[in-house]
Amino acid sequence: MADLRRFFKRSASISNAPPSSPRVSNLSAGLSSQRQSSVSNSTNGNSYTPIQVPPTSAGSISQLSTLSNTPNSTHFRNPNFVANSPGSTSIYGEGSSPHEYRRYGTSPSNNPPLSSPASSSSNYTQHLSVGGNSTSIPFSKRYVKFGESLGAGAGGQVKLVKRLSDQKVFAVKEFRAKFVTENKRDYTKKITSEYCIGSTLKHPNVIETIEISFENDRLVQVMEYCDYDLFAIVMSNKMSEEEVNCCFKQILNGLRYIHSIGLAHRDLKLDNCVINKHGIVKIIDFGSAVVYQYPFSNMLIEATGIVGSDPYLAPEVCVFNTYDPRPVDIWSTAIIYCCMVLKKFPWKIPKLSDASFKAFACREPGVTFGELLKRIPEPPSYDADLNDSSTTIPVLKTEVIEAHEVETPQVASVNNTDDGANATMEDGAKHTSNLIGEERLLNALSSEVRPLISKMVRLAPACRITVDECFEDPWLESVQMCTMVDENGESSCDGKLIPANDHEHTQVDQSVAHIASLERAKRKAAGKK
């Protein structure tokens with residue numbers, strides 16, 4: 001914990017410096033402006049900028065275990081993890097759906113508690129607080145906890161607190177203790193990086209970090225509080241089509257901002273989206289976020305490891321040892337939309353061992369799954385004659401991880417007897433279990449949204465649409481979105497609410513407003529039986 005104290009002591013000195021001193025929260029503007037030139041889209045309408053990628057070698061990874069039908073599992077976020085390493089185990093936390101956490105490594109229950117408060121070197125380090133708070137008043141004297149826990153994950157647990165000065169309610173994340181198998185450097189890096197990312201992001205569709213406090217050897221992050229989890233709103237079955245579209249566009253809007261400053265989330269899902277009483281959706285939990293490009297650099301920093309929840313994972317995450325994290329976010333956002341519409345997952349995991357995904361992945365006879373994932377888009381053609389000729393798509397020279405994962409998905413071998421996806425859109429098919437290929441998913445959706453979702457769930461990540469190109473889609477342009485803007489019409493966290501005209505956002509009782517509340521209600525109902 002000494003490393004954390006030194007880090008936050010330096011951060012506190014920066015936050016208390018004169019206004020001329022740079023603050024970490026001011027980084028986003030500089031990152032965003034320089035990326036307009038260094039991370040521009042390619043001329044081809046459906047590909048990612050060919051940033052230089054350092055050569056990497058493929059590793060090995062074992063097959064993930066099957067997920068239950070209820071939402072969903074979370075992988076322990078360790079970028080250096082190799083699933084088939086000796087001694088790795090699959091551990092599930094307490095409680096049933098909708099939150100079952102899948103973690104790898106030693107059980108968190110074996111972790112020792114943080115060091116005793118008596119080990120703190122001084123009162124200053126015990127009450128250290130940075131990021132929007134310059135007072136030396138201890139955290140416990142400024143906030144009071146109330147209500148039940150909002151939930152817990154791999155990074156820590158979230159509770160409600162009330163600020164005594166103005167009685168305003170906030171959500172506080174209390175970071176987990178260091179695992180036994182985790183060294184101090186990795187632990188310190190994770191905690192500090194999550195804070196730095198959180199304090200840098202300033203956007204209406206991204207959760208705002210108010211401050212972080214280090215008190216009595218406990219690290220807490222104070223964030224704005226939103227009234228509902230998006231998952232709870234979806235499960236209420238009260239959302240209109242226009243409301244679903246609005247939430248989808250808001251998530252993409254937040255993702256566009258995140259990508260614009262060189263970050264990728266890597267764990268986008270319904271559980272990591274919250275919504276306030278005004279209908280503004282916000283992306284939360286940046287514990288798995290990574291930097292894919294540094295300022296003033298054209299070098300792509302590939303991500304590693306299986307990070308995320310099984311149904312939302314992009315297929316390349318399960319197959320390749322390293323990958324571009326941007327298309328992963330695009331895929332996950334498309335799955336979020338499908339979940340909001342269908343009220344179920346299209347598949348449990350994007351692997352050929354899953355019958356539903358295998359049916360979706362069926363494309364061309366004789367082409368292996370690995371070859372489909374390694375395809376790159378055709379270069380733009382300026383010759384009319386070339387447009388009439390058929391050109392084969394080149395394949396990247398990238399090795400896959402498991403040989404059995406690249407078998408050809410044979411159409412005849414698919415015999416799925418599930419009920420298919422139940423659509424709520426007017427022209428979406430009610431049953432698609434008899435279909436093969438991308439139509440298996442797309443035909444369950446409204447015809448207007450199919451072109452966009454089709455480009456977002458392309459198997460080859462290099463051919464997947466970018467977040468900026470999503471906003472060029474005619475259907476998405478027509479979607480009315482609730483937003484917050486300043487006097488200049490720009491997105492602003494403290495701006496004026498501009499609601500959409502074609503819908504109102506669903507509100508539910510606070511007893512079922514959060515995933516943790518749903519779990520408690522389900523356990524209570526099960527106990528009465």
# chains A, B, ... in the order shown; residues from 1 in each chain; ligands from 1

$ select_by_dssp --residues "region 168-402 of chain A" --states "strand (DSSP E)" --output "PyMOL selection string"
chain A and resi 169-175+209-215+218-224+228-229+263-264+273-275+281-283+290-291+303-304+322-323

$ residues_around --residues "Leu442 (chain A)" --least-positions-apart "4" --cutoff "10 Å" --atoms "only C-alpha atoms" --output "list in words"
Cys338, Phe360, Gly428, Ala429, Thr432, Gly437, Glu438, Ser446, Ser447, Val449, Arg450, Pro451, Leu452, Ile453, Ser454 and Val457 of chain A

$ residues_around --residues "region 252-259 of chain A" --least-positions-apart "2" --cutoff "6 Å" --atoms "only C-alpha atoms" --output "PyMOL selection string"
chain A and resi 205-206+249-250+261-264+467

$ write_last_selection --atoms "N, CA and C atoms" --output "short mmCIF file (atom, residue, chain, number, x, y, z; two decimals), in the first residue's frame"
data_model
loop_
_atom_site.label_atom_id
_atom_site.label_comp_id
_atom_site.auth_asym_id
_atom_site.auth_seq_id
_atom_site.Cartn_x
_atom_site.Cartn_y
_atom_site.Cartn_z
N ASN A 205 -22.38 10.51 -21.49
CA ASN A 205 -22.70 9.08 -21.55
C ASN A 205 -21.62 8.21 -20.93
N VAL A 206 -20.78 8.81 -20.09
CA VAL A 206 -19.76 8.08 -19.34
C VAL A 206 -19.88 8.50 -17.88
N LYS A 249 -28.21 4.23 -29.10
CA LYS A 249 -27.46 5.34 -29.68
C LYS A 249 -26.63 6.07 -28.63
N GLN A 250 -27.16 6.16 -27.40
CA GLN A 250 -26.40 6.80 -26.33
C GLN A 250 -25.15 5.98 -25.97
N ILE A 261 -10.29 9.15 -27.63
CA ILE A 261 -9.13 9.52 -26.83
C ILE A 261 -8.16 8.35 -26.64
N GLY A 262 -8.31 7.33 -27.49
CA GLY A 262 -7.33 6.25 -27.50
C GLY A 262 -7.58 5.15 -26.50
N LEU A 263 -8.80 5.04 -25.97
CA LEU A 263 -9.13 4.00 -25.00
C LEU A 263 -10.15 3.04 -25.58
N ALA A 264 -10.13 1.80 -25.07
CA ALA A 264 -11.15 0.80 -25.39
C ALA A 264 -11.65 0.21 -24.08
N VAL A 467 -16.85 2.88 -34.86
CA VAL A 467 -17.91 3.60 -34.15
C VAL A 467 -18.28 4.89 -34.88
#

$ closest_residue --among "A:Lys358, A:Lys343, A:Lys496, A:Lys351" --to "Thr483 (chain A)" --atoms "only C-alpha atoms"
A:Lys496

$ closest_atom_pairs --of "region 240-277 of chain A" --to "region 133-152 of chain A" --cutoff "12 Å" --atoms "only C-alpha atoms" --output "Markdown table"
| residue | atom | partner | partner_atom | distance |
| --- | --- | --- | --- | --- |
| A:Asp271 | CA | A:Gly151 | CA | 10.3 |
| A:Asn272 | CA | A:Gly151 | CA | 11.3 |
| A:Val274 | CA | A:Leu150 | CA | 11.6 |

$ closest_residue --among "A:Lys202, A:Val222, A:Val317, A:Asp186" --to "Glu174 (chain A)" --atoms "only C-alpha atoms"
A:Val222

$ atom_distance --atom1 "CA of Asn183 (chain A)" --atom2 "CA of Leu219 (chain A)"
17.4 Å

$ atom_distance --atom1 "CA of Gly370 (chain A)" --atom2 "CA of Phe320 (chain A)"
9.3 Å

$ decode --residues "region 140-252 of chain A" --atoms "C-alpha atoms" --output "CSV table (one decimal), in the first residue's frame"
chain,number,residue,atom,x,y,z
A,140,SER,CA,-15.9,9.3,6.9
A,141,LYS,CA,-16.6,12.9,8.1
A,142,ARG,CA,-17.8,14.1,4.8
A,143,TYR,CA,-19.9,11.1,3.6
A,144,VAL,CA,-22.3,8.7,5.3
A,145,LYS,CA,-23.3,5.3,4.0
A,146,PHE,CA,-26.9,4.4,3.7
A,147,GLY,CA,-29.0,1.8,1.9
A,148,GLU,CA,-28.0,-1.6,0.6
A,149,SER,CA,-25.1,-2.5,-1.6
A,150,LEU,CA,-25.6,-1.8,-5.3
A,151,GLY,CA,-23.5,-4.8,-6.3
A,152,ALA,CA,-20.0,-6.3,-6.4
A,153,GLY,CA,-17.6,-7.4,-9.1
A,154,ALA,CA,-14.1,-8.5,-9.7
A,155,GLY,CA,-12.8,-5.0,-8.9
A,156,GLY,CA,-14.6,-4.3,-5.7
A,157,GLN,CA,-18.1,-3.6,-4.3
A,158,VAL,CA,-20.3,-0.5,-4.8
A,159,LYS,CA,-22.3,1.2,-2.1
A,160,LEU,CA,-24.5,4.3,-1.7
A,161,VAL,CA,-23.2,7.3,0.3
A,162,LYS,CA,-24.6,10.7,1.0
A,163,ARG,CA,-22.5,13.8,1.1
A,164,LEU,CA,-23.2,15.6,4.4
A,165,SER,CA,-22.5,19.1,3.0
A,166,ASP,CA,-25.4,19.0,0.5
A,167,GLN,CA,-27.2,15.7,1.1
A,168,LYS,CA,-26.3,14.6,-2.5
A,169,VAL,CA,-26.2,10.9,-3.2
A,170,PHE,CA,-23.2,9.2,-4.8
A,171,ALA,CA,-22.1,5.7,-5.6
A,172,VAL,CA,-18.8,4.7,-4.0
A,173,LYS,CA,-16.6,1.8,-5.2
A,174,GLU,CA,-14.5,0.3,-2.5
A,175,PHE,CA,-11.6,-1.4,-4.3
A,176,ARG,CA,-10.9,-5.0,-3.5
A,177,ALA,CA,-7.9,-6.2,-1.5
A,178,LYS,CA,-4.8,-7.5,-3.2
A,179,PHE,CA,-5.0,-11.2,-4.2
A,180,VAL,CA,-2.5,-13.6,-2.8
A,181,THR,CA,-1.3,-14.5,-6.3
A,182,GLU,CA,-1.0,-10.8,-7.3
A,183,ASN,CA,2.2,-8.9,-6.8
A,184,LYS,CA,2.1,-5.4,-5.4
A,185,ARG,CA,3.2,-3.7,-8.6
A,186,ASP,CA,0.3,-5.2,-10.7
A,187,TYR,CA,-2.2,-4.4,-8.0
A,188,THR,CA,-1.0,-0.8,-7.7
A,189,LYS,CA,-1.0,-0.4,-11.5
A,190,LYS,CA,-4.6,-1.7,-11.8
A,191,ILE,CA,-5.9,0.6,-9.1
A,192,THR,CA,-4.2,3.7,-10.2
A,193,SER,CA,-4.9,3.2,-13.9
A,194,GLU,CA,-8.6,2.7,-13.2
A,195,TYR,CA,-8.7,5.9,-11.3
A,196,CYS,CA,-6.7,7.9,-13.9
A,197,ILE,CA,-9.0,6.6,-16.6
A,198,GLY,CA,-12.1,7.4,-14.6
A,199,SER,CA,-11.0,10.9,-13.7
A,200,THR,CA,-10.0,11.7,-17.3
A,201,LEU,CA,-13.3,10.8,-19.0
A,202,LYS,CA,-15.8,13.7,-19.2
A,203,HIS,CA,-18.8,12.9,-21.2
A,204,PRO,CA,-22.6,12.8,-20.6
A,205,ASN,CA,-22.7,9.1,-21.6
A,206,VAL,CA,-19.8,8.1,-19.3
A,207,ILE,CA,-20.0,7.8,-15.6
A,208,GLU,CA,-18.2,10.7,-13.8
A,209,THR,CA,-15.6,10.2,-11.1
A,210,ILE,CA,-16.0,12.8,-8.4
A,211,GLU,CA,-13.0,12.0,-6.3
A,212,ILE,CA,-10.9,9.1,-4.9
A,213,SER,CA,-10.0,8.8,-1.2
A,214,PHE,CA,-7.4,6.8,0.6
A,215,GLU,CA,-8.4,6.5,4.2
A,216,ASN,CA,-7.4,3.9,6.8
A,217,ASP,CA,-5.8,1.8,4.1
A,218,ARG,CA,-9.0,1.6,2.2
A,219,LEU,CA,-9.3,3.0,-1.3
A,220,VAL,CA,-12.7,4.3,-2.4
A,221,GLN,CA,-13.8,6.0,-5.6
A,222,VAL,CA,-16.7,8.4,-5.5
A,223,MET,CA,-18.8,8.5,-8.6
A,224,GLU,CA,-22.1,10.0,-9.7
A,225,TYR,CA,-25.1,7.9,-8.9
A,226,CYS,CA,-27.7,6.9,-11.5
A,227,ASP,CA,-31.1,5.7,-10.5
A,228,TYR,CA,-31.3,2.5,-12.5
A,229,ASP,CA,-29.3,-0.3,-14.0
A,230,LEU,CA,-30.1,-0.6,-17.7
A,231,PHE,CA,-30.4,-4.3,-17.3
A,232,ALA,CA,-33.2,-3.8,-14.7
A,233,ILE,CA,-35.1,-1.5,-17.1
A,234,VAL,CA,-34.8,-4.0,-19.9
A,235,MET,CA,-36.0,-6.9,-17.7
A,236,SER,CA,-39.1,-4.8,-16.8
A,237,ASN,CA,-40.4,-5.5,-20.4
A,238,LYS,CA,-41.8,-1.9,-20.5
A,239,MET,CA,-39.3,-0.4,-23.0
A,240,SER,CA,-40.7,0.9,-26.3
A,241,GLU,CA,-38.9,0.4,-29.6
A,242,GLU,CA,-38.0,4.1,-29.6
A,243,GLU,CA,-36.6,3.9,-26.1
A,244,VAL,CA,-34.4,0.9,-27.0
A,245,ASN,CA,-33.1,2.8,-30.0
A,246,CYS,CA,-32.3,5.8,-27.9
A,247,CYS,CA,-30.4,3.8,-25.3
A,248,PHE,CA,-28.4,2.1,-28.0
A,249,LYS,CA,-27.5,5.3,-29.7
A,250,GLN,CA,-26.4,6.8,-26.3
A,251,ILE,CA,-24.1,3.8,-25.7
A,252,LEU,CA,-22.6,4.3,-29.1
